[in-house]
Structure formats: C-alpha cells, structure tokens
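Quick look at query18.csv (CSV, C-alpha atoms):
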chain,number,residue,atom,x,y,z
G,1,MET,CA,137.5,112.5,111.3
G,2,GLU,CA,135.5,110.0,109.4
G,3,SER,CA,134.3,112.7,106.9
G,4,ALA,CA,137.9,113.1,105.6
G,5,VAL,CA,138.0,109.3,104.8
G,6,VAL,CA,134.6,109.5,103.2
G,7,SER,CA,135.5,112.5,101.0
G,8,VAL,CA,138.7,110.7,99.8
G,9,LEU,CA,136.6,107.6,98.9
G,10,ASP,CA,134.0,109.8,97.2
G,11,SER,CA,136.6,111.5,95.1
G,12,LEU,CA,138.2,108.2,94.1
G,13,ILE,CA,134.9,106.5,93.2
G,14,LYS,CA,134.1,109.5,90.9
G,15,SER,CA,137.3,108.7,88.9
G,16,GLU,CA,136.9,107.2,85.5
G,17,GLU,CA,136.3,103.5,85.3
G,18,VAL,CA,136.6,103.1,89.1
G,19,LYS,CA,133.8,100.8,90.3
G,20,GLY,CA,134.7,100.5,94.0
G,21,VAL,CA,137.2,101.6,96.6
G,22,LEU,CA,138.1,100.3,100.1
G,23,ILE,CA,140.4,101.4,102.9
G,24,ALA,CA,141.4,98.9,105.6
G,25,ASP,CA,143.5,99.5,108.8
G,26,GLU,CA,146.5,97.4,110.0
G,27,HIS,CA,144.2,94.9,111.6
G,28,GLY,CA,142.4,94.2,108.4
G,29,LEU,CA,139.3,96.0,109.6
G,30,CYS,CA,137.3,98.1,107.0
G,31,LEU,CA,137.5,101.9,107.6
G,32,GLY,CA,135.4,102.7,104.6
G,33,ALA,CA,134.1,101.2,101.3
G,34,LYS,CA,132.2,102.6,98.3
G,35,GLY,CA,130.8,101.0,95.2
G,36,ILE,CA,130.8,97.3,94.4
G,37,VAL,CA,133.3,96.3,97.1
G,38,ASN,CA,132.2,94.0,99.9
G,39,PRO,CA,133.4,95.4,103.3
G,40,ASN,CA,134.0,91.8,104.5
G,41,SER,CA,136.9,91.6,102.0
G,42,ALA,CA,138.9,94.2,103.9
G,43,GLY,CA,140.8,91.5,105.8
G,44,PHE,CA,141.9,89.6,102.7
G,45,ILE,CA,142.9,92.8,100.9
G,46,SER,CA,145.1,93.9,103.8
G,47,ALA,CA,146.5,90.3,104.1
G,48,ILE,CA,147.4,90.3,100.4
G,49,ALA,CA,149.2,93.7,100.8
G,50,THR,CA,151.1,92.5,103.9
G,51,HIS,CA,152.2,89.3,102.3
G,52,ALA,CA,153.4,91.2,99.1
G,53,LYS,CA,155.3,93.6,101.3
G,54,SER,CA,157.1,90.7,103.0
G,55,LEU,CA,158.6,89.6,99.7
G,56,HIS,CA,161.4,92.1,100.3
G,57,ASP,CA,163.0,93.2,103.6
G,58,ASP,CA,164.5,96.6,102.5
G,59,PRO,CA,162.5,99.3,104.3
G,60,ASN,CA,163.8,101.9,101.8
G,61,ILE,CA,161.9,100.3,98.9
G,62,GLN,CA,158.4,101.6,98.5
G,63,ALA,CA,155.6,99.1,99.3
G,64,PRO,CA,154.6,97.2,96.2
G,65,ILE,CA,151.4,97.9,94.3
G,66,ILE,CA,149.5,94.7,93.7
G,67,LYS,CA,147.4,94.3,90.6
G,68,ILE,CA,144.9,91.5,90.4
G,69,GLU,CA,143.3,90.9,87.1
G,70,THR,CA,140.1,89.0,86.7
G,71,GLU,CA,137.7,88.6,83.7
G,72,LYS,CA,135.5,91.3,85.0
G,73,LEU,CA,137.7,93.5,87.2
G,74,THR,CA,141.1,94.8,87.9
G,75,ILE,CA,142.0,95.3,91.6
G,76,LEU,CA,144.8,97.6,92.6
G,77,ILE,CA,146.1,97.3,96.2
G,78,GLN,CA,148.7,99.3,98.0
G,79,ASN,CA,149.7,99.5,101.7
G,80,ASN,CA,151.4,102.6,103.1
G,81,GLY,CA,152.3,101.1,106.5
G,82,ASN,CA,149.2,101.4,108.5
G,83,TYR,CA,146.5,101.5,105.9
G,84,THR,CA,145.7,99.6,102.8
G,85,LEU,CA,143.8,101.0,99.9
G,86,ALA,CA,142.1,98.9,97.2
G,87,VAL,CA,140.7,100.3,94.0
G,88,PHE,CA,138.4,98.1,91.9
G,89,LYS,CA,138.3,99.1,88.2
J,1,MET,CA,131.3,63.2,110.3
J,2,GLY,CA,133.1,63.9,113.5
J,3,GLU,CA,136.5,63.1,112.0
J,4,GLU,CA,135.8,65.3,109.0
J,5,LEU,CA,134.9,68.2,111.2
J,6,GLN,CA,138.1,67.7,113.3
J,7,THR,CA,140.2,67.6,110.1
J,8,TYR,CA,138.5,70.8,108.9
J,9,PHE,CA,139.3,72.6,112.1
J,10,ASN,CA,142.9,71.3,112.1
J,11,LYS,CA,143.3,72.7,108.6
J,12,LEU,CA,142.0,76.1,109.6
J,13,LEU,CA,145.0,76.5,111.9
J,14,THR,CA,147.4,76.2,108.9
J,15,ARG,CA,145.2,78.1,106.5
J,16,ILE,CA,144.8,81.3,108.6
J,17,ASP,CA,148.0,83.1,109.5
J,18,GLY,CA,148.5,83.4,113.2
J,19,LEU,CA,145.5,81.3,114.2
J,20,LYS,CA,146.4,79.2,117.3
J,21,ALA,CA,143.2,77.6,118.5
J,22,VAL,CA,139.6,77.1,117.5
J,23,THR,CA,136.8,75.8,119.7
J,24,VAL,CA,133.1,75.3,119.3
J,25,THR,CA,131.2,75.1,122.6
J,26,ASP,CA,127.7,75.3,123.8
J,27,GLY,CA,126.3,78.2,125.9
J,28,ASP,CA,127.5,76.5,129.1
J,29,GLY,CA,131.1,76.3,127.9
J,30,VAL,CA,131.1,72.5,127.1
J,31,ILE,CA,133.6,72.0,124.3
J,32,LEU,CA,132.2,70.1,121.3
J,33,ILE,CA,135.1,70.5,119.0
J,34,LYS,CA,138.5,72.0,119.5
J,35,SER,CA,141.8,72.3,117.7
J,36,VAL,CA,144.9,73.8,119.2
J,37,SER,CA,148.2,74.5,117.5
J,38,ASN,CA,151.3,72.6,118.8
J,39,ASP,CA,153.2,75.8,119.4
J,40,VAL,CA,150.9,77.2,122.1
J,41,SER,CA,149.9,75.8,125.5
J,42,PRO,CA,146.4,74.2,125.6
J,43,ARG,CA,145.9,76.6,128.6
J,44,VAL,CA,145.1,79.4,126.2
J,45,LEU,CA,141.7,77.8,126.0
J,46,GLU,CA,140.6,79.0,129.5
J,47,PRO,CA,137.2,77.3,130.2
J,48,ALA,CA,135.8,80.7,131.3
J,49,LEU,CA,136.3,82.1,127.7
J,50,SER,CA,133.0,80.8,126.4
J,51,THR,CA,130.9,81.3,129.5
J,52,THR,CA,132.1,84.9,129.9
J,53,PHE,CA,131.4,85.5,126.2
J,54,SER,CA,127.9,84.1,126.7
J,55,VAL,CA,127.2,86.6,129.5
J,56,VAL,CA,128.8,89.6,127.7
J,57,SER,CA,127.1,88.8,124.4
J,58,ASP,CA,123.7,88.7,126.2
J,59,GLN,CA,124.4,92.1,127.8
J,60,ALA,CA,125.7,93.6,124.5
J,61,SER,CA,122.5,92.5,122.8
J,62,LYS,CA,120.6,94.8,125.2
J,63,LEU,CA,122.4,97.9,123.8
J,64,GLY,CA,119.6,98.5,121.3
J,65,LEU,CA,121.8,97.6,118.4
J,66,LYS,CA,120.0,94.3,117.6
J,67,LYS,CA,121.6,90.9,118.5
J,68,ASN,CA,125.3,90.8,119.2
J,69,LYS,CA,127.2,88.8,116.5
J,70,SER,CA,130.8,88.8,117.5
J,71,ILE,CA,133.2,90.2,120.1
J,72,VAL,CA,137.0,90.9,119.5
J,73,SER,CA,139.3,91.0,122.5
J,74,LEU,CA,142.8,92.2,122.0
J,75,PHE,CA,145.5,91.3,124.5
J,76,GLY,CA,149.3,91.6,124.6
J,77,LEU,CA,150.1,88.2,123.2
J,78,PHE,CA,146.8,87.0,121.7
J,79,GLN,CA,143.6,88.2,120.3
J,80,ILE,CA,140.3,86.4,120.8
J,81,VAL,CA,137.5,86.6,118.3
J,82,GLN,CA,134.2,85.0,119.4
J,83,PHE,CA,131.0,84.5,117.5
J,84,ASN,CA,127.5,84.2,118.8
J,85,HIS,CA,126.4,81.2,116.6
J,86,THR,CA,123.3,80.5,118.8
J,87,PRO,CA,123.0,78.0,120.4
J,88,LEU,CA,126.8,77.5,120.0
J,89,ILE,CA,129.8,79.7,120.6
J,90,THR,CA,132.8,79.7,118.3
J,91,THR,CA,136.1,81.0,119.7
J,92,LEU,CA,139.2,81.8,117.7
J,93,VAL,CA,142.5,82.5,119.5
J,94,ALA,CA,145.2,84.1,117.3
J,95,ASP,CA,148.4,86.0,117.6
J,96,SER,CA,147.8,89.7,118.6
J,97,GLY,CA,149.3,90.8,115.4
J,98,SER,CA,147.3,88.6,113.1
J,99,ASN,CA,144.7,89.9,110.7
J,100,THR,CA,141.4,90.6,112.6
J,101,GLY,CA,139.4,91.2,109.4
J,102,VAL,CA,140.3,87.7,108.1
J,103,LEU,CA,139.3,86.2,111.4
J,104,LEU,CA,136.0,88.1,111.5
J,105,ASP,CA,135.2,87.0,107.9
J,106,LEU,CA,136.0,83.4,108.9
J,107,GLY,CA,132.9,83.7,111.2
J,108,ASN,CA,130.6,83.6,108.2
J,109,GLU,CA,132.2,80.4,106.9
J,110,LEU,CA,132.2,78.8,110.4
J,111,LYS,CA,128.4,79.6,110.8
J,112,GLU,CA,127.6,77.0,108.1
J,113,VAL,CA,129.7,74.4,110.0
J,114,THR,CA,128.2,75.3,113.4
J,115,ASP,CA,124.7,75.1,111.9
J,116,ILE,CA,125.4,71.5,111.0
J,117,ILE,CA,126.6,70.7,114.5
J,118,ALA,CA,123.6,72.5,116.1
J,119,SER,CA,121.1,70.6,113.9
J,120,ALA,CA,122.8,67.3,114.7
J,121,LEU,CA,122.6,68.2,118.4
J,122,SER,CA,118.9,69.0,118.3
J,123,GLU,CA,118.1,65.8,116.4
J,124,ARG,CA,120.0,63.9,119.1
J,125,GLN,CA,118.0,65.6,121.9
J,126,VAL,CA,114.7,64.6,120.2
J,127,ILE,CA,115.8,60.9,120.1
J,128,VAL,CA,117.0,61.0,123.8
Translate the structure described by the file into structure tokens.
Amino acid sequence: MESAVVSVLDSLIKSEEVKGVLIADEHGLCLGAKGIVNPNSAGFISAIATHAKSLHDDPNIQAPIIKIETEKLTILIQNNGNYTLAVFK
Amino acid sequence: MGEELQTYFNKLLTRIDGLKAVTVTDGDGVILIKSVSNDVSPRVLEPALSTTFSVVSDQASKLGLKKNKSIVSLFGLFQIVQFNHTPLITTLVADSGSNTGVLLDLGNELKEVTDIIASALSERQVIV
C-alpha cells in the first residue's frame, strides 16, 4: 500500500523544477514526503487547505489550489477531500 | 515569569483551531500550569490523564524503538496529544476533528517552554 504512495511521490519529484512533495491525511499527519519538505509541516499544509476550502460552501465547486510564493520557493497545495498534496517548486 | 507563561498558554487556545485545554504537569500528575477554554468543562482535564500517560509512555519506551516522545489518543468528542518532555508531561486536549499534525508540531515549540519550567524547578530544588 505504501509503495503506491512512494511511487507517486517519486514521479512527482522527478518533474522539472519540483524540489519537494508532501502528502498529508485528513488529520494533518504526513503520509509521505520527498525532497526539501519538512514532514513536520504536514499539519500546517493540511490546515491551509482546509481553511481555503471553507471560503466557499458549495460542494460542487472543485477544492481550490493554493499558491504560496516566497523569495526562494513556490508552494502549490490542493486538498481532494481526505488527502492534501503539496508541491514545492 | 509565571504570568507570562499563563498568558502564553491562554493565547495558544485561540491560536490553534479546536484546542480546548493545555496542561503541564510533573510525572506524578501535579499540575504546574493549565489553561482551559471557556466552552468546555474543566472536567476534561481528568487528573489520571498525566499519570496514565506516564505509565504508558514508560512501557512504550520498552518497545525497542528508543524513547517514546508523544502519544495521540482519539476519542468521540476529543483528542488528546501528550508529550514526554521529561521530567514534565505536556497534555493538549482538542476537538476530535482538529488537526493532529498541527498539535504534534506544537510539541516542538512547547518543549522550549517546558525546558524553562523544568530548569526553574531544578534550581528551586537545589535551594530547598
């Protein structure tokens, strides 16, 4: 079961410009992390996704993709219901 | 310093979503600092919480996985995240749906605070 998650993370980290990827579950616990991402940040990443999702109540609208830009990195976060994926570029 | 610590713990309750109570106790369960949200009964801080954790953490440390750092207990209404900040025990009580990852990460921040309390306690013991 875990190997499927690891293979997805591996394929993502090989993408161009991607420096790190992280998957968190609905409790904000880290399911997997590759690259420069700190696994301890899983809780905050999932909290950011949950808060962004609560900006609208319509369940028919797709969950928002959050883009955080810093001087060094761009972080993309999306939640699909149970899981949150973060890509650090 | 005591008031500053109390203010810090009170602020934690508003800073972390769903956090209802925080306590720092010694290994015997004696409460050194506590902060409880107004919307829950103070009874959520059952005195046996810390003493039970103390025993369980000691047993968990014998599993051959090095020293136990934290234990998360999920219940119907609440979740309890406890940290083994030897010689002290930090207990967080939060809504069952709140973000466990954020609570676990809070443990690293609280370690610095409990270290200050622990050193103050040991200095006091030397004087006594």
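Proximity to chain G was assessed for J:Val22, J:Val72, J:Ile33, J:Leu12 counting all atoms listed in the file; the smallest distance is recorded for J:Val72.
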Set the distance at 8 Å and use all atoms listed in the file: which residues neighbour stretch 81-88 of chain G once local chain neighbours fewer than 3 positions away are removed? I'd like the list as a PyMOL selection string. chain G and resi 18-26+37+45-46+49+73-78
Can you build me a table of stretch 13-128 of chain J residues sitting at most 12 Å from stretch 51-65 of chain G, with the closest atom pair per residue and its distance in Å to one decimal, using all atoms listed in the file, sorted by chain and residue number, as JSON lines?
{"residue": "J:Asp17", "atom": "CA", "partner": "G:His51", "partner_atom": "CA", "distance": 10.4}
{"residue": "J:Ser98", "atom": "CA", "partner": "G:His51", "partner_atom": "CA", "distance": 11.9}
{"residue": "J:Asn99", "atom": "CA", "partner": "G:His51", "partner_atom": "CA", "distance": 11.3}
Would you give me, as a PyMOL selection string, the residues of chain J that come within 12 Å of chain G, using only C-alpha atoms? chain J and resi 16-18+72+74+79+95-109
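The coordinates place atom CA of J:Leu32 at 17.1 Å from atom CA of J:Lys11.
Summary of the local environment: counting only C-alpha atoms, residues at most 10 Å from G:Glu2, other than itself and those fewer than 2 positions away along its chain, are Ala4, Val5, Val6, Ser7, Leu31 and Gly32 of chain G.
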Compile the contact shell of J:Asp28 as a list in words: residues with an atom at most 9 Å away, counting only C-alpha atoms, same-chain residues fewer than 2 positions apart removed. Thr25, Asp26, Val30, Ile31, Ser50, Thr51 and Ser54 of chain J
Would you list the contacts of J:Val93 as a list in words, taking every protein, DNA or RNA residue within 8 Å and counting only C-alpha atoms, but skipping same-chain residues closer than 3 positions in sequence? Leu19, Lys20, Ala21, Val22, Val44, Phe78, Gln79, Ile80 and Val81 of chain J
